[in-house]
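Enquirer: I'd like to ask some things about the structure below.
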Amino acid sequence: MSAEKKVPEIRFKGFSGEWDEKTLGELVQLENGFAFQSKYFKKSPTEVIVLTPGNVNIGGGFHAGKGQYYDTKQEVPPRYVFKPNDMFITMTDLTPTAQALGFPAIIPKDDNIYLHNQRLGKLVGFKGDLSFLYNLLRTTKKQKEIVATSSGTTVKHTSPDKFLNRACFFPKNEEQAAIGNIFQKLDSLINQHQQKHDKLSSIKKAMLEKMFPKQGDNTPEIRFKGFSGEWEEKELGTDVAEVIGGGTPSTSIPEFWGGNIDWYSPTEIGSNAYADGSQKKITALGLKSSSAKVLPAGNTVLFTSRAGIGYMAILTKPGATNQGFQSFVVKEGFSPYFLYSAGKIIKEYALKHASGSTFLEISGKQLGRMKILMPSTEEQTAIGNYFQKLDNLINQHQNQITKLNNIKQA
């Protein structure tokens, strides 16, 4: 939006003229909620739910599952009962950074009854396009304005006056509707990919439970056709892989840094199955000066051993790590992707045997002692291929979600 001309950089065909500058208070009212008594909150689920700021996503949008169940026998004044499609904002944010303060959400159409507590403000009386207003309030600029004028130290909060006394630009209702419609379509696409992503993630979680033997068993609940017999117990660091730690060249010597050797830290691992390039790189001189080692591509599974134990990724090209790793160079006859898929089991062992006062850490020697059940190479490959395909699908939907969100933000 150009402040001088009061027009956006991009417009739909057929619209012209400047937008009107108004305060939110000229176009919408903000209603306070009710302080529901905690003695009426229920631990067991009911269809009556008192919404909290935790029901609003950072960036806006309704988030189910974080409200408080309320006694269905208690009388609630009708003004504090939300209706489907009611829009509200967070008036309070319990996090120090106030990341969710002032973001909007819309009541879904479902079988629940949602109640309006005092930490939320309900927006009423807007005569324009609600989707336009919703997306206007989701912009980073508007949320930052709310945070900048908020009060409180531990708990940040805004007031109806502070929220409504902010200038915004509004086009005519027809242009509002056109803009609101495009964002509804983007939200719908994002939601479709999110639902598929969540469904596939749930399938993966369930299959990991069933395709690996439970504790005390030596065969899994579900197997691919043609495989039978008991899985064999192997020692992780002797039979299955070589466990290799990392190291850090001196940060005060420039000649050790900025080379062409990938050098990973634990914060880079966790969101993807593959590690295909590090943020920092070291030189051959830096490698030689430290305990870091170049690990081979394809058959190396990185494993974080401190400050967040148990994150894993498969190297796609040779690289080294810092000392926050005890990585597995998988031996012939064993599948790297099978070992990666068994990450939950390895992580549980590592957390159980980790030690340390400042932070938990597991040594390579201790990790190598882990006993792990392994099927034949052929069954390992079949299981690894199955989870690789699932991970690829999950990653595709996540990439689409990220891409669409970037388009939307722009």
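Lettering and numbering for the structure tokens are positional, with chains as A, B, ... in the shown order, residues counted from 1 in each chain, and ligands counted from 1 in the shown order.
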When you look at region 257-271 of chain A with a cut-off of 10 Å (counting only C-alpha atoms), what residues show up, excluding the ones that are within fewer than 6 positions of it in the same chain? I need them as JSON, numbers by chain.
Expert: {"A": [246, 247, 248, 249, 250, 251, 277, 278, 279, 280, 281, 282, 283, 284, 285, 286, 287, 292, 293, 294, 295, 302, 303, 304, 305, 306, 307, 308, 309, 310, 311, 312, 313, 314, 317, 318, 319, 320, 321, 322, 323, 324, 325, 395]}
Enquirer: Using only C-alpha atoms, pick whichever of A:Asn181, A:Thr46, A:Gln29, A:Thr158 has the shortest atom-to-atom distance to Lys122 (chain A).
Expert: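 Closest to Lys122 (chain A) of all the choices is A:Gln29.
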Enquirer: Using only C-alpha atoms, which residues sit within 7 Å of Pro45 (chain A) once same-chain residues fewer than 2 positions away are excluded, as a ChimeraX atom specification?
Expert: /A:43,47,69
Enquirer: Would you write out those residues with C-alpha atoms, as a compact mmCIF listing (two decimals), in the first residue's frame?
Expert:
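The new file again16.txt reads:
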```txt
# COMPACT_ATOMS: atom_id res chain seq x y z
CA LYS A 43 -11.58 -32.61 32.80
CA GLU A 47 -19.49 -30.22 23.75
CA TYR A 69 -14.34 -27.98 28.74
```
Enquirer: Return as an mmCIF file with N, CA and C atoms, in the first residue's frame the full set of residues in region 124-298 of chain A whose backbone-based DSSP assignment is helix (DSSP H, G or I).
Expert:
```cif
data_model
loop_
_atom_site.group_PDB
_atom_site.id
_atom_site.type_symbol
_atom_site.label_atom_id
_atom_site.label_comp_id
_atom_site.auth_asym_id
_atom_site.auth_seq_id
_atom_site.Cartn_x
_atom_site.Cartn_y
_atom_site.Cartn_z
ATOM 1 N N LEU A 130 -16.130 -9.812 5.405
ATOM 2 C CA LEU A 130 -15.457 -10.340 6.595
ATOM 3 C C LEU A 130 -14.127 -11.012 6.263
ATOM 4 N N SER A 131 -14.051 -11.665 5.110
ATOM 5 C CA SER A 131 -12.805 -12.323 4.730
ATOM 6 C C SER A 131 -11.700 -11.290 4.503
ATOM 7 N N PHE A 132 -12.073 -10.133 3.956
ATOM 8 C CA PHE A 132 -11.092 -9.052 3.771
ATOM 9 C C PHE A 132 -10.570 -8.582 5.130
ATOM 10 N N LEU A 133 -11.494 -8.319 6.068
ATOM 11 C CA LEU A 133 -11.094 -7.864 7.398
ATOM 12 C C LEU A 133 -10.227 -8.909 8.096
ATOM 13 N N TYR A 134 -10.624 -10.163 7.981
ATOM 14 C CA TYR A 134 -9.886 -11.258 8.598
ATOM 15 C C TYR A 134 -8.439 -11.287 8.115
ATOM 16 N N ASN A 135 -8.250 -11.174 6.800
ATOM 17 C CA ASN A 135 -6.906 -11.235 6.251
ATOM 18 C C ASN A 135 -6.121 -9.954 6.482
ATOM 19 N N LEU A 136 -6.813 -8.827 6.580
ATOM 20 C CA LEU A 136 -6.137 -7.583 6.941
ATOM 21 C C LEU A 136 -5.520 -7.696 8.331
ATOM 22 N N LEU A 137 -6.278 -8.270 9.280
ATOM 23 C CA LEU A 137 -5.797 -8.397 10.656
ATOM 24 C C LEU A 137 -4.722 -9.475 10.802
ATOM 25 N N THR A 140 1.363 -9.190 9.090
ATOM 26 C CA THR A 140 2.421 -8.975 10.086
ATOM 27 C C THR A 140 2.429 -7.532 10.566
ATOM 28 N N LYS A 141 2.191 -6.592 9.657
ATOM 29 C CA LYS A 141 2.209 -5.177 10.006
ATOM 30 C C LYS A 141 1.165 -4.854 11.067
ATOM 31 N N LYS A 142 -0.064 -5.349 10.877
ATOM 32 C CA LYS A 142 -1.131 -5.040 11.825
ATOM 33 C C LYS A 142 -0.876 -5.701 13.177
ATOM 34 N N GLN A 143 -0.342 -6.926 13.170
ATOM 35 C CA GLN A 143 -0.082 -7.592 14.436
ATOM 36 C C GLN A 143 1.024 -6.877 15.201
ATOM 37 N N LYS A 144 2.044 -6.398 14.480
ATOM 38 C CA LYS A 144 3.129 -5.667 15.137
ATOM 39 C C LYS A 144 2.628 -4.372 15.767
ATOM 40 N N GLU A 145 1.653 -3.727 15.126
ATOM 41 C CA GLU A 145 1.069 -2.501 15.683
ATOM 42 C C GLU A 145 0.391 -2.792 17.018
ATOM 43 N N ILE A 146 -0.288 -3.938 17.088
ATOM 44 C CA ILE A 146 -0.980 -4.314 18.325
ATOM 45 C C ILE A 146 0.038 -4.593 19.430
ATOM 46 N N VAL A 147 1.076 -5.351 19.092
ATOM 47 C CA VAL A 147 2.096 -5.675 20.089
ATOM 48 C C VAL A 147 2.793 -4.407 20.579
ATOM 49 N N ALA A 148 3.058 -3.472 19.656
ATOM 50 C CA ALA A 148 3.765 -2.234 20.011
ATOM 51 C C ALA A 148 2.978 -1.376 20.996
ATOM 52 N N PRO A 160 -9.823 -2.843 24.039
ATOM 53 C CA PRO A 160 -10.653 -2.462 22.894
ATOM 54 C C PRO A 160 -10.263 -1.101 22.319
ATOM 55 N N ASP A 161 -9.968 -0.122 23.190
ATOM 56 C CA ASP A 161 -9.605 1.215 22.701
ATOM 57 C C ASP A 161 -8.323 1.185 21.887
ATOM 58 N N LYS A 162 -7.303 0.491 22.415
ATOM 59 C CA LYS A 162 -6.026 0.414 21.703
ATOM 60 C C LYS A 162 -6.185 -0.323 20.375
ATOM 61 N N PHE A 163 -6.971 -1.396 20.395
ATOM 62 C CA PHE A 163 -7.149 -2.178 19.173
ATOM 63 C C PHE A 163 -7.901 -1.385 18.107
ATOM 64 N N LEU A 164 -8.965 -0.698 18.507
ATOM 65 C CA LEU A 164 -9.845 -0.022 17.542
ATOM 66 C C LEU A 164 -9.285 1.319 17.072
ATOM 67 N N ASN A 173 -16.668 -2.061 -1.053
ATOM 68 C CA ASN A 173 -17.054 -3.428 -0.677
ATOM 69 C C ASN A 173 -16.816 -4.439 -1.789
ATOM 70 N N GLU A 174 -17.017 -4.025 -3.067
ATOM 71 C CA GLU A 174 -16.828 -4.960 -4.179
ATOM 72 C C GLU A 174 -15.368 -5.408 -4.278
ATOM 73 N N GLU A 175 -14.434 -4.479 -4.072
ATOM 74 C CA GLU A 175 -13.019 -4.844 -4.124
ATOM 75 C C GLU A 175 -12.624 -5.648 -2.892
ATOM 76 N N GLN A 176 -13.209 -5.303 -1.755
ATOM 77 C CA GLN A 176 -12.987 -6.120 -0.555
ATOM 78 C C GLN A 176 -13.374 -7.571 -0.812
ATOM 79 N N ALA A 177 -14.536 -7.754 -1.447
ATOM 80 C CA ALA A 177 -15.030 -9.117 -1.710
ATOM 81 C C ALA A 177 -14.098 -9.866 -2.649
ATOM 82 N N ALA A 178 -13.582 -9.173 -3.676
ATOM 83 C CA ALA A 178 -12.666 -9.816 -4.625
ATOM 84 C C ALA A 178 -11.377 -10.244 -3.926
ATOM 85 N N ILE A 179 -10.857 -9.369 -3.065
ATOM 86 C CA ILE A 179 -9.631 -9.693 -2.331
ATOM 87 C C ILE A 179 -9.899 -10.804 -1.324
ATOM 88 N N GLY A 180 -11.023 -10.695 -0.608
ATOM 89 C CA GLY A 180 -11.379 -11.734 0.361
ATOM 90 C C GLY A 180 -11.538 -13.089 -0.291
ATOM 91 N N ASN A 181 -12.088 -13.098 -1.524
ATOM 92 C CA ASN A 181 -12.332 -14.356 -2.233
ATOM 93 C C ASN A 181 -11.023 -15.053 -2.605
ATOM 94 N N ILE A 182 -10.012 -14.281 -3.048
ATOM 95 C CA ILE A 182 -8.750 -14.911 -3.439
ATOM 96 C C ILE A 182 -8.060 -15.519 -2.230
ATOM 97 N N PHE A 183 -8.186 -14.845 -1.082
ATOM 98 C CA PHE A 183 -7.559 -15.392 0.128
ATOM 99 C C PHE A 183 -8.326 -16.606 0.652
ATOM 100 N N GLN A 184 -9.633 -16.623 0.453
ATOM 101 C CA GLN A 184 -10.406 -17.820 0.822
ATOM 102 C C GLN A 184 -9.959 -19.020 0.001
ATOM 103 N N LYS A 185 -9.719 -18.806 -1.285
ATOM 104 C CA LYS A 185 -9.270 -19.895 -2.159
ATOM 105 C C LYS A 185 -7.876 -20.384 -1.744
ATOM 106 N N LEU A 186 -6.986 -19.435 -1.417
ATOM 107 C CA LEU A 186 -5.654 -19.827 -0.956
ATOM 108 C C LEU A 186 -5.739 -20.605 0.352
ATOM 109 N N ASP A 187 -6.574 -20.112 1.277
ATOM 110 C CA ASP A 187 -6.747 -20.806 2.559
ATOM 111 C C ASP A 187 -7.297 -22.210 2.356
ATOM 112 N N SER A 188 -8.217 -22.340 1.395
ATOM 113 C CA SER A 188 -8.808 -23.648 1.122
ATOM 114 C C SER A 188 -7.753 -24.619 0.589
ATOM 115 N N LEU A 189 -6.896 -24.137 -0.314
ATOM 116 C CA LEU A 189 -5.821 -24.987 -0.847
ATOM 117 C C LEU A 189 -4.835 -25.377 0.252
ATOM 118 N N ILE A 190 -4.470 -24.406 1.082
ATOM 119 C CA ILE A 190 -3.549 -24.680 2.189
ATOM 120 C C ILE A 190 -4.154 -25.711 3.126
ATOM 121 N N ASN A 191 -5.448 -25.549 3.409
ATOM 122 C CA ASN A 191 -6.134 -26.479 4.315
ATOM 123 C C ASN A 191 -6.190 -27.884 3.730
ATOM 124 N N GLN A 192 -6.420 -27.992 2.418
ATOM 125 C CA GLN A 192 -6.466 -29.312 1.771
ATOM 126 C C GLN A 192 -5.121 -30.026 1.905
ATOM 127 N N HIS A 193 -4.042 -29.293 1.631
ATOM 128 C CA HIS A 193 -2.710 -29.897 1.757
ATOM 129 C C HIS A 193 -2.397 -30.225 3.214
ATOM 130 N N GLN A 194 -2.837 -29.367 4.142
ATOM 131 C CA GLN A 194 -2.586 -29.620 5.554
ATOM 132 C C GLN A 194 -3.305 -30.882 6.021
ATOM 133 N N GLN A 195 -4.549 -31.057 5.571
ATOM 134 C CA GLN A 195 -5.312 -32.250 5.948
ATOM 135 C C GLN A 195 -4.650 -33.516 5.415
ATOM 136 N N LYS A 196 -4.179 -33.467 4.154
ATOM 137 C CA LYS A 196 -3.500 -34.632 3.577
ATOM 138 C C LYS A 196 -2.177 -34.894 4.304
ATOM 139 N N HIS A 197 -1.473 -33.819 4.620
ATOM 140 C CA HIS A 197 -0.212 -33.938 5.362
ATOM 141 C C HIS A 197 -0.445 -34.595 6.715
ATOM 142 N N ASP A 198 -1.473 -34.123 7.428
ATOM 143 C CA ASP A 198 -1.769 -34.655 8.763
ATOM 144 C C ASP A 198 -2.221 -36.111 8.700
ATOM 145 N N LYS A 199 -3.016 -36.442 7.659
ATOM 146 C CA LYS A 199 -3.503 -37.816 7.506
ATOM 147 C C LYS A 199 -2.332 -38.775 7.246
ATOM 148 N N LEU A 200 -1.428 -38.369 6.352
ATOM 149 C CA LEU A 200 -0.275 -39.207 6.037
ATOM 150 C C LEU A 200 0.653 -39.345 7.248
ATOM 151 N N SER A 201 0.795 -38.262 8.013
ATOM 152 C CA SER A 201 1.624 -38.309 9.223
ATOM 153 C C SER A 201 1.032 -39.268 10.245
ATOM 154 N N SER A 202 -0.308 -39.286 10.337
ATOM 155 C CA SER A 202 -0.973 -40.210 11.258
ATOM 156 C C SER A 202 -0.795 -41.662 10.808
ATOM 157 N N ILE A 203 -0.884 -41.879 9.487
ATOM 158 C CA ILE A 203 -0.669 -43.225 8.942
ATOM 159 C C ILE A 203 0.755 -43.683 9.247
ATOM 160 N N LYS A 204 1.717 -42.788 9.034
ATOM 161 C CA LYS A 204 3.116 -43.135 9.294
ATOM 162 C C LYS A 204 3.311 -43.511 10.762
ATOM 163 N N LYS A 205 2.757 -42.706 11.657
ATOM 164 C CA LYS A 205 2.913 -42.975 13.083
ATOM 165 C C LYS A 205 2.337 -44.339 13.452
ATOM 166 N N ALA A 206 1.143 -44.648 12.901
ATOM 167 C CA ALA A 206 0.497 -45.927 13.201
ATOM 168 C C ALA A 206 1.305 -47.103 12.636
ATOM 169 N N MET A 207 1.814 -46.945 11.417
ATOM 170 C CA MET A 207 2.557 -48.031 10.785
ATOM 171 C C MET A 207 3.919 -48.257 11.435
ATOM 172 N N LEU A 208 4.536 -47.203 11.934
ATOM 173 C CA LEU A 208 5.792 -47.378 12.661
ATOM 174 C C LEU A 208 5.580 -48.237 13.904
ATOM 175 N N GLU A 209 4.421 -48.080 14.537
ATOM 176 C CA GLU A 209 4.098 -48.885 15.719
ATOM 177 C C GLU A 209 3.890 -50.349 15.360
ATOM 178 N N LYS A 210 3.318 -50.586 14.166
ATOM 179 C CA LYS A 210 2.920 -51.945 13.795
ATOM 180 C C LYS A 210 3.977 -52.695 12.982
ATOM 181 N N MET A 211 4.870 -51.961 12.302
ATOM 182 C CA MET A 211 5.840 -52.617 11.428
ATOM 183 C C MET A 211 7.198 -52.838 12.084
ATOM 184 N N LEU A 236 24.105 -52.337 17.729
ATOM 185 C CA LEU A 236 24.091 -51.218 16.791
ATOM 186 C C LEU A 236 25.488 -50.801 16.347
ATOM 187 N N GLY A 237 26.411 -50.631 17.297
ATOM 188 C CA GLY A 237 27.727 -50.106 16.963
ATOM 189 C C GLY A 237 28.746 -51.137 16.546
ATOM 190 N N THR A 238 28.370 -52.417 16.574
ATOM 191 C CA THR A 238 29.303 -53.483 16.180
ATOM 192 C C THR A 238 28.846 -54.152 14.891
ATOM 193 N N ASP A 239 27.571 -54.564 14.867
ATOM 194 C CA ASP A 239 27.054 -55.327 13.732
ATOM 195 C C ASP A 239 26.480 -54.453 12.619
ATOM 196 N N VAL A 240 25.766 -53.394 13.007
ATOM 197 C CA VAL A 240 24.946 -52.641 12.048
ATOM 198 C C VAL A 240 25.684 -51.452 11.449
ATOM 199 N N PRO A 254 40.128 -17.807 10.688
ATOM 200 C CA PRO A 254 39.320 -17.680 9.460
ATOM 201 C C PRO A 254 39.642 -18.738 8.409
ATOM 202 N N GLU A 255 40.900 -19.198 8.388
ATOM 203 C CA GLU A 255 41.297 -20.178 7.367
ATOM 204 C C GLU A 255 40.592 -21.519 7.525
ATOM 205 N N PHE A 256 39.965 -21.744 8.655
ATOM 206 C CA PHE A 256 39.260 -22.999 8.885
ATOM 207 C C PHE A 256 37.825 -22.986 8.338
ATOM 208 N N PRO A 266 23.391 -29.562 15.141
ATOM 209 C CA PRO A 266 22.109 -30.224 15.423
ATOM 210 C C PRO A 266 20.864 -29.418 15.046
ATOM 211 N N THR A 267 20.943 -28.085 15.087
ATOM 212 C CA THR A 267 19.761 -27.264 14.767
ATOM 213 C C THR A 267 19.323 -27.405 13.313
ATOM 214 N N GLU A 268 20.173 -27.957 12.457
ATOM 215 C CA GLU A 268 19.834 -28.112 11.035
ATOM 216 C C GLU A 268 19.114 -29.423 10.739
ATOM 217 N N ALA A 284 39.538 -27.852 4.260
ATOM 218 C CA ALA A 284 40.301 -29.079 4.537
ATOM 219 C C ALA A 284 41.227 -28.855 5.727
ATOM 220 N N LEU A 285 41.751 -27.629 5.861
ATOM 221 C CA LEU A 285 42.610 -27.304 6.987
ATOM 222 C C LEU A 285 41.824 -27.324 8.299
ATOM 223 N N GLY A 286 40.606 -26.812 8.246
ATOM 224 C CA GLY A 286 39.741 -26.834 9.423
ATOM 225 C C GLY A 286 39.384 -28.252 9.836
ATOM 226 N N LEU A 287 39.123 -29.096 8.842
ATOM 227 C CA LEU A 287 38.812 -30.499 9.115
ATOM 228 C C LEU A 287 39.988 -31.180 9.802
ATOM 229 N N LYS A 288 41.178 -30.934 9.278
ATOM 230 C CA LYS A 288 42.389 -31.570 9.803
ATOM 231 C C LYS A 288 42.687 -31.118 11.234
ATOM 232 N N SER A 289 42.294 -29.894 11.558
ATOM 233 C CA SER A 289 42.620 -29.336 12.873
ATOM 234 C C SER A 289 41.668 -29.803 13.973
#
```
Enquirer: Looking at A:Glu221, A:Asp129, A:Glu235, A:Glu378, which one is nearest to Ile346 (chain A), with distances taken over only C-alpha atoms?
Expert: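 Closest to Ile346 (chain A), using only C-alpha atoms: A:Glu235.
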Enquirer: As an exercise, work out the distance from CA of Ala342 (chain A) to CA of Ser357 (chain A) in Å and give it to one decimal place.
Expert: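 Straight-line distance from CA of Ala342 (chain A) to CA of Ser357 (chain A) works out to 27.9 Å.
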Enquirer: Residues of region 243-318 of chain A classed as strand (DSSP E or B) by DSSP on the backbone are to be reported as a ChimeraX atom specification.
Expert: /A:243-245,257-264,274-275,280-282,295,300-304,306,312-315
